[in-house]
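> Input structure: my_file-v5.pdb, which contains PDB, C-alpha atoms.
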```
MODEL        1
ATOM      1  CA  MET A  22       0.000   0.000   0.000
ATOM      2  CA  VAL A  23       1.255   3.425  -0.893
ATOM      3  CA  PRO A  24       1.402   5.703   2.137
ATOM      4  CA  PRO A  25      -0.691   8.832   1.811
ATOM      5  CA  PRO A  26       1.291  11.857   0.709
ATOM      6  CA  PHE A  27       2.220  14.253   3.447
ATOM      7  CA  ALA A  28      -0.047  17.018   2.201
ATOM      8  CA  ALA A  29      -3.037  14.693   2.163
ATOM      9  CA  ASP A  30      -2.486  14.118   5.911
ATOM     10  CA  TRP A  31      -2.592  17.829   6.393
ATOM     11  CA  ALA A  32      -5.813  17.950   4.382
ATOM     12  CA  ARG A  33      -7.430  15.741   7.008
ATOM     13  CA  VAL A  34      -6.262  18.082   9.743
ATOM     14  CA  ASN A  35      -7.382  21.249   8.013
ATOM     15  CA  PRO A  36      -8.409  21.257   4.352
ATOM     16  CA  LEU A  37      -7.951  25.034   4.280
ATOM     17  CA  PHE A  38      -4.198  24.581   4.400
ATOM     18  CA  CYS A  39      -4.161  22.361   1.363
ATOM     19  CA  ARG A  40      -4.948  22.532  -2.267
ATOM     20  CA  PHE A  41      -5.355  20.012  -5.002
ATOM     21  CA  ASN A  42      -3.046  20.734  -7.893
ATOM     22  CA  GLU A  43      -2.358  18.530 -10.906
ATOM     23  CA  GLY A  44      -3.779  15.456  -9.277
ATOM     24  CA  LYS A  45      -1.823  15.894  -6.038
ATOM     25  CA  TRP A  46      -2.569  17.379  -2.690
ATOM     26  CA  LYS A  47      -0.137  20.087  -1.721
ATOM     27  CA  ILE A  48       0.224  22.035   1.469
ATOM     28  CA  ALA A  49      -0.958  25.539   0.736
ATOM     29  CA  THR A  50       2.120  27.650   0.960
ATOM     30  CA  MET A  51       2.824  30.935  -0.660
ATOM     31  CA  ALA A  52       5.254  31.100  -3.568
ATOM     32  CA  ASP A  53       8.682  29.858  -2.617
ATOM     33  CA  LYS A  54      10.968  32.868  -2.116
ATOM     34  CA  SER A  55      14.011  30.804  -3.004
ATOM     35  CA  LYS A  56      12.598  30.957  -6.533
ATOM     36  CA  ILE A  57      13.382  34.661  -6.910
ATOM     37  CA  GLY A  58      15.698  34.886  -9.903
ATOM     38  CA  VAL A  59      14.371  31.702 -11.515
ATOM     39  CA  LYS A  60      14.483  31.946 -15.324
ATOM     40  CA  LEU A  61      12.484  30.199 -18.013
ATOM     41  CA  PRO A  62      14.545  28.688 -20.802
ATOM     42  CA  PRO A  63      14.693  31.435 -23.459
ATOM     43  CA  TYR A  64      11.956  31.161 -26.073
ATOM     44  CA  VAL A  65      11.324  32.704 -29.468
ATOM     45  CA  LEU A  66       8.422  34.808 -30.734
ATOM     46  CA  LYS A  67       8.111  35.490 -34.455
ATOM     47  CA  VAL A  68       6.400  38.786 -35.216
ATOM     48  CA  GLU A  69       3.734  38.201 -37.838
ATOM     49  CA  ARG A  70       1.851  40.882 -39.729
ATOM     50  CA  VAL A  71      -1.384  38.923 -39.616
ATOM     51  CA  LYS A  72      -1.238  38.735 -35.780
ATOM     52  CA  ILE A  73      -0.802  42.506 -35.607
ATOM     53  CA  ARG A  74      -3.878  42.970 -37.812
ATOM     54  CA  GLU A  75      -5.815  40.498 -35.674
ATOM     55  CA  LEU A  76      -4.903  42.354 -32.477
ATOM     56  CA  MET A  77      -5.770  45.743 -33.984
ATOM     57  CA  GLY A  78      -9.120  44.328 -35.153
ATOM     58  CA  ALA A  79      -9.901  42.955 -31.695
ATOM     59  CA  ILE A  80      -9.015  46.231 -29.959
ATOM     60  CA  GLY A  81     -10.919  48.212 -32.586
ATOM     61  CA  ASP A  82      -7.893  50.379 -33.338
ATOM     62  CA  ASP A  83      -7.666  51.488 -36.969
ATOM     63  CA  ASN A  84      -4.464  53.539 -36.643
ATOM     64  CA  PRO A  85      -2.980  53.175 -40.165
ATOM     65  CA  ILE A  86       0.671  53.254 -39.081
ATOM     66  CA  TYR A  87       0.238  49.728 -37.665
ATOM     67  CA  LEU A  88      -1.656  48.412 -40.709
ATOM     68  CA  ASP A  89      -0.479  50.190 -43.840
ATOM     69  CA  LYS A  90       3.201  50.129 -44.742
ATOM     70  CA  SER A  91       2.962  53.238 -46.934
ATOM     71  CA  LYS A  92       1.382  55.218 -44.057
ATOM     72  CA  ALA A  93       4.132  54.033 -41.699
ATOM     73  CA  GLU A  94       6.798  55.014 -44.231
ATOM     74  CA  ALA A  95       5.221  58.463 -44.520
ATOM     75  CA  GLU A  96       5.899  58.844 -40.783
ATOM     76  CA  GLY A  97       9.502  57.738 -41.230
ATOM     77  CA  TYR A  98       9.276  54.065 -40.209
ATOM     78  CA  PRO A  99      10.888  51.386 -42.414
ATOM     79  CA  ASP A 100       7.741  49.239 -41.993
ATOM     80  CA  THR A 101       4.633  49.156 -39.771
ATOM     81  CA  PRO A 102       5.806  49.229 -36.138
ATOM     82  CA  CYS A 103       4.057  47.036 -33.561
ATOM     83  CA  PRO A 104       1.354  48.746 -31.453
ATOM     84  CA  PRO A 105       2.168  49.420 -27.762
ATOM     85  CA  THR A 106       0.426  46.312 -26.435
ATOM     86  CA  TYR A 107       1.473  43.860 -29.172
ATOM     87  CA  ILE A 108       3.847  42.123 -26.779
ATOM     88  CA  THR A 109       0.929  40.953 -24.579
ATOM     89  CA  MET A 110       0.703  37.886 -26.831
ATOM     90  CA  ALA A 111       4.227  36.789 -25.857
ATOM     91  CA  PHE A 112       3.035  35.291 -22.558
ATOM     92  CA  GLN A 113      -0.136  33.353 -23.261
ATOM     93  CA  GLU A 114      -0.985  30.150 -25.101
ATOM     94  CA  PHE A 115       1.160  30.821 -28.166
ATOM     95  CA  THR A 116       4.306  30.518 -26.050
ATOM     96  CA  GLY A 117       3.011  28.991 -22.819
ATOM     97  CA  ALA A 118       5.399  31.263 -20.893
ATOM     98  CA  TYR A 119       3.006  32.177 -18.054
ATOM     99  CA  LEU A 120       1.911  28.560 -17.596
ATOM    100  CA  GLU A 121       5.526  27.404 -17.458
ATOM    101  CA  ILE A 122       6.695  30.014 -14.964
ATOM    102  CA  PHE A 123       3.681  29.462 -12.683
ATOM    103  CA  LYS A 124       4.484  25.763 -12.731
ATOM    104  CA  MET A 125       8.117  26.499 -11.829
ATOM    105  CA  LEU A 126       6.994  28.824  -9.018
ATOM    106  CA  ASP A 127       4.358  26.299  -7.898
ATOM    107  CA  VAL A 128       1.582  28.859  -8.170
ATOM    108  CA  PRO A 129      -1.825  27.378  -9.112
ATOM    109  CA  LEU A 130      -3.545  29.329 -11.906
ATOM    110  CA  GLU A 131      -6.845  29.626 -10.073
ATOM    111  CA  HIS A 132      -5.133  31.684  -7.331
ATOM    112  CA  VAL A 133      -3.590  34.146  -9.758
ATOM    113  CA  LEU A 134      -4.682  37.719 -10.498
ATOM    114  CA  HIS A 135      -2.984  40.017 -12.960
ATOM    115  CA  GLY A 136      -2.289  43.217 -11.028
ATOM    116  CA  GLU A 137      -0.077  45.381 -13.191
ATOM    117  CA  GLU A 138       1.625  45.374 -16.563
ATOM    118  CA  GLU A 139       4.452  47.617 -17.708
ATOM    119  CA  TYR A 140       6.304  47.974 -21.000
ATOM    120  CA  GLY A 141       9.541  49.908 -21.484
ATOM    121  CA  TYR A 142      10.228  50.624 -25.145
ATOM    122  CA  ASN A 143      13.814  50.792 -26.369
ATOM    123  CA  ALA A 144      13.315  50.312 -30.115
ATOM    124  CA  GLU A 145      10.519  49.495 -32.548
ATOM    125  CA  ILE A 146       9.429  45.922 -33.300
ATOM    126  CA  PHE A 147       8.527  45.149 -36.923
ATOM    127  CA  PRO A 148       6.789  42.288 -38.759
ATOM    128  CA  GLY A 149       9.337  39.607 -39.564
ATOM    129  CA  ASP A 150      11.372  40.236 -36.414
ATOM    130  CA  VAL A 151      12.360  37.187 -34.419
ATOM    131  CA  LEU A 152      12.307  38.051 -30.739
ATOM    132  CA  HIS A 153      14.388  36.199 -28.205
ATOM    133  CA  CYS A 154      12.404  36.265 -24.956
ATOM    134  CA  GLN A 155      13.959  35.856 -21.526
ATOM    135  CA  LEU A 156      11.456  35.633 -18.679
ATOM    136  CA  SER A 157      12.583  35.660 -15.064
ATOM    137  CA  CYS A 158      11.071  36.009 -11.628
ATOM    138  CA  GLU A 159      12.331  39.366 -10.401
ATOM    139  CA  SER A 160      10.837  39.425  -6.927
ATOM    140  CA  ILE A 161       8.332  37.808  -4.592
ATOM    141  CA  ILE A 162       7.007  39.966  -1.789
ATOM    142  CA  GLU A 163       4.566  38.771   0.842
ATOM    143  CA  LYS A 164       1.909  41.240   1.857
ATOM    144  CA  LYS A 165      -0.490  40.888   4.759
ATOM    145  CA  THR A 166      -4.000  42.187   4.249
ATOM    146  CA  LYS A 167      -7.152  42.081   6.375
ATOM    147  CA  SER A 168      -8.409  39.062   4.449
ATOM    148  CA  GLY A 169      -5.163  37.090   4.563
ATOM    149  CA  SER A 170      -1.791  37.229   2.939
ATOM    150  CA  LEU A 171      -0.872  37.784  -0.666
ATOM    151  CA  ASP A 172       2.244  37.161  -2.659
ATOM    152  CA  LEU A 173       3.216  39.873  -5.097
ATOM    153  CA  ILE A 174       5.216  38.184  -7.828
ATOM    154  CA  THR A 175       7.039  40.381 -10.331
ATOM    155  CA  LEU A 176       7.972  38.733 -13.619
ATOM    156  CA  GLN A 177      10.335  40.432 -15.999
ATOM    157  CA  THR A 178      10.815  39.624 -19.677
ATOM    158  CA  ILE A 179      13.561  41.044 -21.871
ATOM    159  CA  PHE A 180      12.936  40.971 -25.625
ATOM    160  CA  THR A 181      15.927  41.027 -27.953
ATOM    161  CA  ASN A 182      15.593  41.068 -31.747
ATOM    162  CA  GLN A 183      17.588  39.184 -34.393
ATOM    163  CA  LYS A 184      20.096  42.061 -34.499
ATOM    164  CA  ASP A 185      20.814  41.524 -30.803
ATOM    165  CA  GLN A 186      19.103  44.787 -29.913
ATOM    166  CA  THR A 187      17.010  44.869 -26.736
ATOM    167  CA  VAL A 188      13.734  46.251 -28.025
ATOM    168  CA  LEU A 189      11.427  45.975 -25.032
ATOM    169  CA  LYS A 190      11.324  45.136 -21.340
ATOM    170  CA  ALA A 191       8.069  43.918 -19.864
ATOM    171  CA  ARG A 192       7.147  43.631 -16.218
ATOM    172  CA  SER A 193       4.052  41.860 -14.924
ATOM    173  CA  LEU A 194       2.864  42.019 -11.351
ATOM    174  CA  ILE A 195       1.033  38.825 -10.499
ATOM    175  CA  ILE A 196      -0.957  38.565  -7.280
ATOM    176  CA  GLU A 197      -1.247  35.143  -5.679
ATOM    177  CA  ARG A 198      -4.062  34.766  -3.203
ATOM    178  CA  LEU A 199      -3.931  31.855  -0.818
TER     179      LEU A 199
ATOM    180  CA  MET B  13      -0.160  62.314 -41.375
ATOM    181  CA  ALA B  14      -1.646  62.001 -37.980
ATOM    182  CA  VAL B  15      -2.032  65.094 -35.849
ATOM    183  CA  TYR B  16      -0.555  64.568 -32.400
ATOM    184  CA  VAL B  17      -0.829  66.571 -29.193
ATOM    185  CA  ASN B  18       1.586  69.509 -29.130
ATOM    186  CA  PHE B  19       3.131  69.321 -25.659
ATOM    187  CA  SER B  20       5.100  72.550 -26.159
ATOM    188  CA  HIS B  21       1.869  74.450 -25.544
ATOM    189  CA  MET B  22       0.607  72.302 -22.675
ATOM    190  CA  GLN B  23       1.263  72.419 -18.954
ATOM    191  CA  VAL B  24       1.236  70.066 -15.995
ATOM    192  CA  GLY B  25      -2.409  69.473 -15.032
ATOM    193  CA  ASP B  26      -3.700  69.797 -18.607
ATOM    194  CA  MET B  27      -5.837  66.960 -19.933
ATOM    195  CA  LEU B  28      -5.450  65.269 -23.290
ATOM    196  CA  PRO B  29      -8.659  64.865 -25.351
ATOM    197  CA  THR B  30     -10.591  61.875 -23.944
ATOM    198  CA  VAL B  31     -10.974  58.874 -26.272
ATOM    199  CA  GLU B  32     -14.322  57.057 -26.077
ATOM    200  CA  LYS B  33     -14.551  53.497 -27.349
ATOM    201  CA  ASP B  34     -17.561  51.687 -28.818
ATOM    202  CA  PRO B  35     -19.377  49.408 -26.324
ATOM    203  CA  VAL B  36     -17.435  46.225 -25.544
ATOM    204  CA  THR B  37     -19.030  43.197 -27.248
ATOM    205  CA  LYS B  38     -18.828  39.463 -26.558
ATOM    206  CA  THR B  39     -17.555  38.987 -30.109
ATOM    207  CA  GLN B  40     -14.744  41.382 -29.297
ATOM    208  CA  LEU B  41     -13.723  39.267 -26.283
ATOM    209  CA  VAL B  42     -13.628  36.165 -28.497
ATOM    210  CA  ARG B  43     -11.577  38.042 -31.108
ATOM    211  CA  TYR B  44      -9.197  39.312 -28.415
ATOM    212  CA  ALA B  45      -8.822  35.793 -27.001
ATOM    213  CA  GLY B  46      -7.782  34.588 -30.450
ATOM    214  CA  ALA B  47      -5.531  37.572 -31.090
ATOM    215  CA  SER B  48      -3.730  37.469 -27.738
ATOM    216  CA  GLY B  49      -3.797  33.770 -26.912
ATOM    217  CA  ASP B  50      -5.615  34.364 -23.594
ATOM    218  CA  PHE B  51      -8.112  31.520 -23.839
ATOM    219  CA  ASN B  52      -9.317  31.645 -20.228
ATOM    220  CA  PRO B  53     -13.035  30.736 -20.643
ATOM    221  CA  LEU B  54     -13.943  33.393 -18.054
ATOM    222  CA  HIS B  55     -13.718  35.801 -21.004
ATOM    223  CA  THR B  56     -15.642  33.809 -23.590
ATOM    224  CA  ASP B  57     -18.059  31.376 -21.923
ATOM    225  CA  ASP B  58     -20.951  32.782 -19.857
ATOM    226  CA  ALA B  59     -21.586  29.412 -18.152
ATOM    227  CA  VAL B  60     -17.994  29.294 -16.819
ATOM    228  CA  ALA B  61     -18.160  32.917 -15.711
ATOM    229  CA  GLN B  62     -21.469  32.328 -13.914
ATOM    230  CA  LYS B  63     -20.027  29.293 -12.149
ATOM    231  CA  ALA B  64     -17.281  31.617 -10.891
ATOM    232  CA  GLY B  65     -19.968  33.880  -9.397
ATOM    233  CA  LEU B  66     -20.027  36.551 -12.099
ATOM    234  CA  LYS B  67     -23.093  37.703 -14.023
ATOM    235  CA  GLY B  68     -21.341  36.671 -17.232
ATOM    236  CA  VAL B  69     -18.104  36.925 -19.176
ATOM    237  CA  ILE B  70     -15.643  39.700 -18.309
ATOM    238  CA  ALA B  71     -13.167  41.424 -20.612
ATOM    239  CA  GLN B  72      -9.481  40.505 -20.543
ATOM    240  CA  GLY B  73      -7.565  43.177 -18.592
ATOM    241  CA  PRO B  74      -5.004  43.515 -21.401
ATOM    242  CA  LEU B  75      -7.837  44.342 -23.844
ATOM    243  CA  ILE B  76      -8.561  47.453 -21.778
ATOM    244  CA  MET B  77      -4.812  48.119 -21.713
ATOM    245  CA  GLY B  78      -5.023  47.836 -25.511
ATOM    246  CA  PHE B  79      -7.721  50.543 -25.530
ATOM    247  CA  VAL B  80      -5.375  52.784 -23.546
ATOM    248  CA  GLY B  81      -2.526  51.938 -25.945
ATOM    249  CA  GLN B  82      -4.796  52.951 -28.816
ATOM    250  CA  ALA B  83      -5.532  56.277 -27.110
ATOM    251  CA  ILE B  84      -1.845  56.932 -26.357
ATOM    252  CA  THR B  85      -0.656  56.525 -29.948
ATOM    253  CA  HIS B  86      -3.640  58.605 -31.039
ATOM    254  CA  TRP B  87      -2.170  61.367 -28.831
ATOM    255  CA  VAL B  88       1.557  60.796 -29.418
ATOM    256  CA  SER B  89       3.751  59.272 -32.105
ATOM    257  CA  LYS B  90       4.602  55.609 -31.353
ATOM    258  CA  ARG B  91       8.337  56.313 -31.536
ATOM    259  CA  ASP B  92       8.058  58.952 -28.782
ATOM    260  CA  LEU B  93       6.378  56.544 -26.320
ATOM    261  CA  LYS B  94       9.043  55.241 -23.924
ATOM    262  CA  ARG B  95       7.140  53.584 -21.108
ATOM    263  CA  PHE B  96       3.560  52.474 -20.453
ATOM    264  CA  GLN B  97       2.338  50.955 -17.209
ATOM    265  CA  VAL B  98      -1.128  50.009 -16.009
ATOM    266  CA  ARG B  99      -2.710  48.746 -12.819
ATOM    267  CA  PHE B 100      -5.886  46.707 -13.300
ATOM    268  CA  LYS B 101      -8.655  48.016 -11.040
ATOM    269  CA  GLY B 102     -12.026  46.641 -12.032
ATOM    270  CA  MET B 103     -13.920  44.214 -14.232
ATOM    271  CA  THR B 104     -15.317  45.214 -17.622
ATOM    272  CA  PHE B 105     -18.479  43.584 -18.953
ATOM    273  CA  PRO B 106     -19.942  43.443 -22.473
ATOM    274  CA  GLY B 107     -21.921  46.632 -23.098
ATOM    275  CA  ASP B 108     -19.554  48.802 -21.071
ATOM    276  CA  ILE B 109     -18.444  51.948 -22.860
ATOM    277  CA  ILE B 110     -14.830  52.673 -21.979
ATOM    278  CA  SER B 111     -13.391  56.185 -21.986
ATOM    279  CA  VAL B 112      -9.661  56.758 -21.763
ATOM    280  CA  SER B 113      -8.430  60.015 -20.264
ATOM    281  CA  ALA B 114      -4.979  61.344 -19.476
ATOM    282  CA  THR B 115      -3.503  64.256 -17.534
ATOM    283  CA  ILE B 116       0.017  65.648 -17.775
ATOM    284  CA  THR B 117       1.779  65.147 -14.434
ATOM    285  CA  LYS B 118       5.342  66.124 -15.357
ATOM    286  CA  LYS B 119       6.994  68.158 -18.099
ATOM    287  CA  VAL B 120      10.785  68.386 -17.925
ATOM    288  CA  PRO B 121      13.184  69.611 -20.639
ATOM    289  CA  GLU B 122      15.756  66.982 -21.600
ATOM    290  CA  GLY B 123      18.273  68.129 -24.193
ATOM    291  CA  GLU B 124      16.234  69.142 -27.221
ATOM    292  CA  ASN B 125      13.268  67.147 -26.016
ATOM    293  CA  LEU B 126      10.593  67.334 -23.386
ATOM    294  CA  ARG B 127      10.133  64.391 -21.074
ATOM    295  CA  ILE B 128       6.396  64.174 -20.440
ATOM    296  CA  LEU B 129       4.741  61.982 -17.831
ATOM    297  CA  CYS B 130       0.989  61.430 -17.987
ATOM    298  CA  HIS B 131      -1.456  59.749 -15.647
ATOM    299  CA  THR B 132      -4.131  57.810 -17.485
ATOM    300  CA  GLU B 133      -7.441  56.213 -16.510
ATOM    301  CA  ALA B 134     -10.006  53.998 -18.201
ATOM    302  CA  LYS B 135     -13.574  54.268 -16.894
ATOM    303  CA  ASP B 136     -16.961  52.969 -17.993
ATOM    304  CA  GLN B 137     -20.146  54.969 -18.702
ATOM    305  CA  LYS B 138     -20.993  54.958 -14.952
ATOM    306  CA  GLY B 139     -17.573  56.298 -14.034
ATOM    307  CA  ALA B 140     -16.355  52.977 -12.585
ATOM    308  CA  LEU B 141     -12.579  52.718 -12.792
ATOM    309  CA  LYS B 142     -11.176  49.837 -14.873
ATOM    310  CA  LEU B 143      -7.518  50.706 -14.788
ATOM    311  CA  THR B 144      -5.113  53.462 -13.902
ATOM    312  CA  GLY B 145      -1.708  53.886 -15.401
ATOM    313  CA  GLN B 146       1.023  56.152 -16.539
ATOM    314  CA  PHE B 147       3.026  56.676 -19.659
ATOM    315  CA  GLU B 148       6.200  58.514 -20.473
ATOM    316  CA  VAL B 149       6.889  60.352 -23.702
ATOM    317  CA  LEU B 150      10.108  61.847 -25.031
ATOM    318  CA  TYR B 151       8.676  64.647 -27.117
ATOM    319  CA  PRO B 152      10.904  66.297 -29.713
ATOM    320  CA  VAL B 153      10.439  70.050 -29.508
ATOM    321  CA  ASP B 154      10.005  71.535 -32.952
ATOM    322  CA  ILE B 155      12.335  74.529 -32.966
ATOM    323  CA  SER B 156      11.763  75.426 -36.623
TER     324      SER B 156
ENDMDL
END
```
Just give me the structure as structure tokens.

Amino acid sequence: MVPPPFAADWARVNPLFCRFNEGKWKIATMADKSKIGVKLPPYVLKVERVKIRELMGAIGDDNPIYLDKSKAEAEGYPDTPCPPTYITMAFQEFTGAYLEIFKMLDVPLEHVLHGEEEYGYNAEIFPGDVLHCQLSCESIIEKKTKSGSLDLITLQTIFTNQKDQTVLKARSLIIERL
Amino acid sequence: MAVYVNFSHMQVGDMLPTVEKDPVTKTQLVRYAGASGDFNPLHTDDAVAQKAGLKGVIAQGPLIMGFVGQAITHWVSKRDLKRFQVRFKGMTFPGDIISVSATITKKVPEGENLRILCHTEAKDQKGALKLTGQFEVLYPVDIS
């Protein structure tokens, strides 16, 4: 007989301290602070014109500099630059980056809230660019509130293009509620 | 060519012209899910949202950030935008009409440019806050 896992014993004592994650009981702890500095293996995002159009269509933004190369050239760009929030798609299902980092940090998705998002722009991103993406966990800060404690997890991603130029730095503040 | 805000003639405390969006639609949330890769069913499936205790699907936070991004590069040239940060404050539902406003909070000369900091907010038709944020612009002063 397989002995019950440690966390399952805790679940019998107080189910509030435990959570069921990926088929296993785990003791409910906040994100592990030793994981500050943890990095995802670098991944690649190809910038595709059709995805820019799709994003612009969804937002309802018809700004021609993002859609029409001749309009962008008239404003002095070599091609249509990416809109300010294009990079949002670098973290979700197309790359799996958020899922991977939450797994590494042992943070269950259903406890996660997206608190803040910040983009620092160093250079333009154009269709055809191949972005090298480096995501790391910058900090984990525990915060006590009236309703319990929260972990404030800051993720940082540095985007470098095929010319080895850092084009953008993104920072996401993720709130983990216990 | 687009006509952008002329910061040379504006002061700290001045507001940029508010941008009002069309009402958010469920179709838009589905399109944004596909465009962004955020396939959390909370944004596209009313039954899932209701199970989570909501009256129905809610918009993706980054969609509202996208609205603000649209407003910003309506006000300023993309190449002059240096930083953009938002804090998500409230849920947006289909039918909500989002307005994006911005106020100049800092204007500092930097070489031949002006470094401009603006506070921005997105609110619905009832005035409920969806997000607050700030953005930084390096504005080239036209000396001609």
> Please return, as number ranges by chain, all residues of chain A lying within 6 Å of chain B when only C-alpha atoms are considered.
A: 75-76, 79, 105-106, 110, 113-115, 136-142
> Exactly which residues make up the result of the PyMOL selection byres ((chain A and resi 62-70) around 9) on this file, given as number ranges by chain?
A: 60-61, 71-75, 88, 101, 103, 111, 115-116, 118, 146-156
> Any chance you can output those residues with C-alpha atoms as a PDB file, keeping the file's coordinate frame?

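selection.pdb, freshly written:
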```
ATOM      1  CA  LYS A  60      14.483  31.946 -15.324  1.00  0.00           C
ATOM      2  CA  LEU A  61      12.484  30.199 -18.013  1.00  0.00           C
ATOM      3  CA  VAL A  71      -1.384  38.923 -39.616  1.00  0.00           C
ATOM      4  CA  LYS A  72      -1.238  38.735 -35.780  1.00  0.00           C
ATOM      5  CA  ILE A  73      -0.802  42.506 -35.607  1.00  0.00           C
ATOM      6  CA  ARG A  74      -3.878  42.970 -37.812  1.00  0.00           C
ATOM      7  CA  GLU A  75      -5.815  40.498 -35.674  1.00  0.00           C
ATOM      8  CA  LEU A  88      -1.656  48.412 -40.709  1.00  0.00           C
ATOM      9  CA  THR A 101       4.633  49.156 -39.771  1.00  0.00           C
ATOM     10  CA  CYS A 103       4.057  47.036 -33.561  1.00  0.00           C
ATOM     11  CA  ALA A 111       4.227  36.789 -25.857  1.00  0.00           C
ATOM     12  CA  PHE A 115       1.160  30.821 -28.166  1.00  0.00           C
ATOM     13  CA  THR A 116       4.306  30.518 -26.050  1.00  0.00           C
ATOM     14  CA  ALA A 118       5.399  31.263 -20.893  1.00  0.00           C
ATOM     15  CA  ILE A 146       9.429  45.922 -33.300  1.00  0.00           C
ATOM     16  CA  PHE A 147       8.527  45.149 -36.923  1.00  0.00           C
ATOM     17  CA  PRO A 148       6.789  42.288 -38.759  1.00  0.00           C
ATOM     18  CA  GLY A 149       9.337  39.607 -39.564  1.00  0.00           C
ATOM     19  CA  ASP A 150      11.372  40.236 -36.414  1.00  0.00           C
ATOM     20  CA  VAL A 151      12.360  37.187 -34.419  1.00  0.00           C
ATOM     21  CA  LEU A 152      12.307  38.051 -30.739  1.00  0.00           C
ATOM     22  CA  HIS A 153      14.388  36.199 -28.205  1.00  0.00           C
ATOM     23  CA  CYS A 154      12.404  36.265 -24.956  1.00  0.00           C
ATOM     24  CA  GLN A 155      13.959  35.856 -21.526  1.00  0.00           C
ATOM     25  CA  LEU A 156      11.456  35.633 -18.679  1.00  0.00           C
TER      26      LEU A 156
END
```
> Just how far from CA of Tyr119 in chain A is CA of Ser55 in chain A, in Å to one decimal?
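Interatomic distance here is 18.7 Å.
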> Take the point (-11.1, 64.2, -21.6) as written in the file and pick out every residue within 8 Å of it, counting only C-alpha atoms; give the list as an mmCIF file with C-alpha atoms, keeping the file's coordinate frame.

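What follows is the written file selection.cif:
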```cif
data_model
loop_
_atom_site.group_PDB
_atom_site.id
_atom_site.type_symbol
_atom_site.label_atom_id
_atom_site.label_comp_id
_atom_site.auth_asym_id
_atom_site.auth_seq_id
_atom_site.Cartn_x
_atom_site.Cartn_y
_atom_site.Cartn_z
ATOM 1 C CA MET B 27 -5.837 66.960 -19.933
ATOM 2 C CA LEU B 28 -5.450 65.269 -23.290
ATOM 3 C CA PRO B 29 -8.659 64.865 -25.351
ATOM 4 C CA THR B 30 -10.591 61.875 -23.944
ATOM 5 C CA VAL B 31 -10.974 58.874 -26.272
ATOM 6 C CA VAL B 112 -9.661 56.758 -21.763
ATOM 7 C CA SER B 113 -8.430 60.015 -20.264
ATOM 8 C CA ALA B 114 -4.979 61.344 -19.476
#
```
> What does the distance from CA of His131 in chain B to CA of Ile108 in chain A come to in Å, to one decimal?
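Pair CA of His131 in chain B / CA of Ile108 in chain A returns 21.5 Å.
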> Near range 162-168 of chain A, counting only C-alpha atoms, which residues have an atom at most 12 Å away, once you skip same-chain residues fewer than 2 positions from it, shown as a ChimeraX atom specification?
/A:50-57,158-160,170-176,194-199
> Kindly give the distance, in Å, that separates CA of Pro106 in chain B and CA of Met77 in chain A, rounded to a single decimal.
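Calculated distance between CA of Pro106 in chain B and CA of Met77 in chain A is 18.4 Å.
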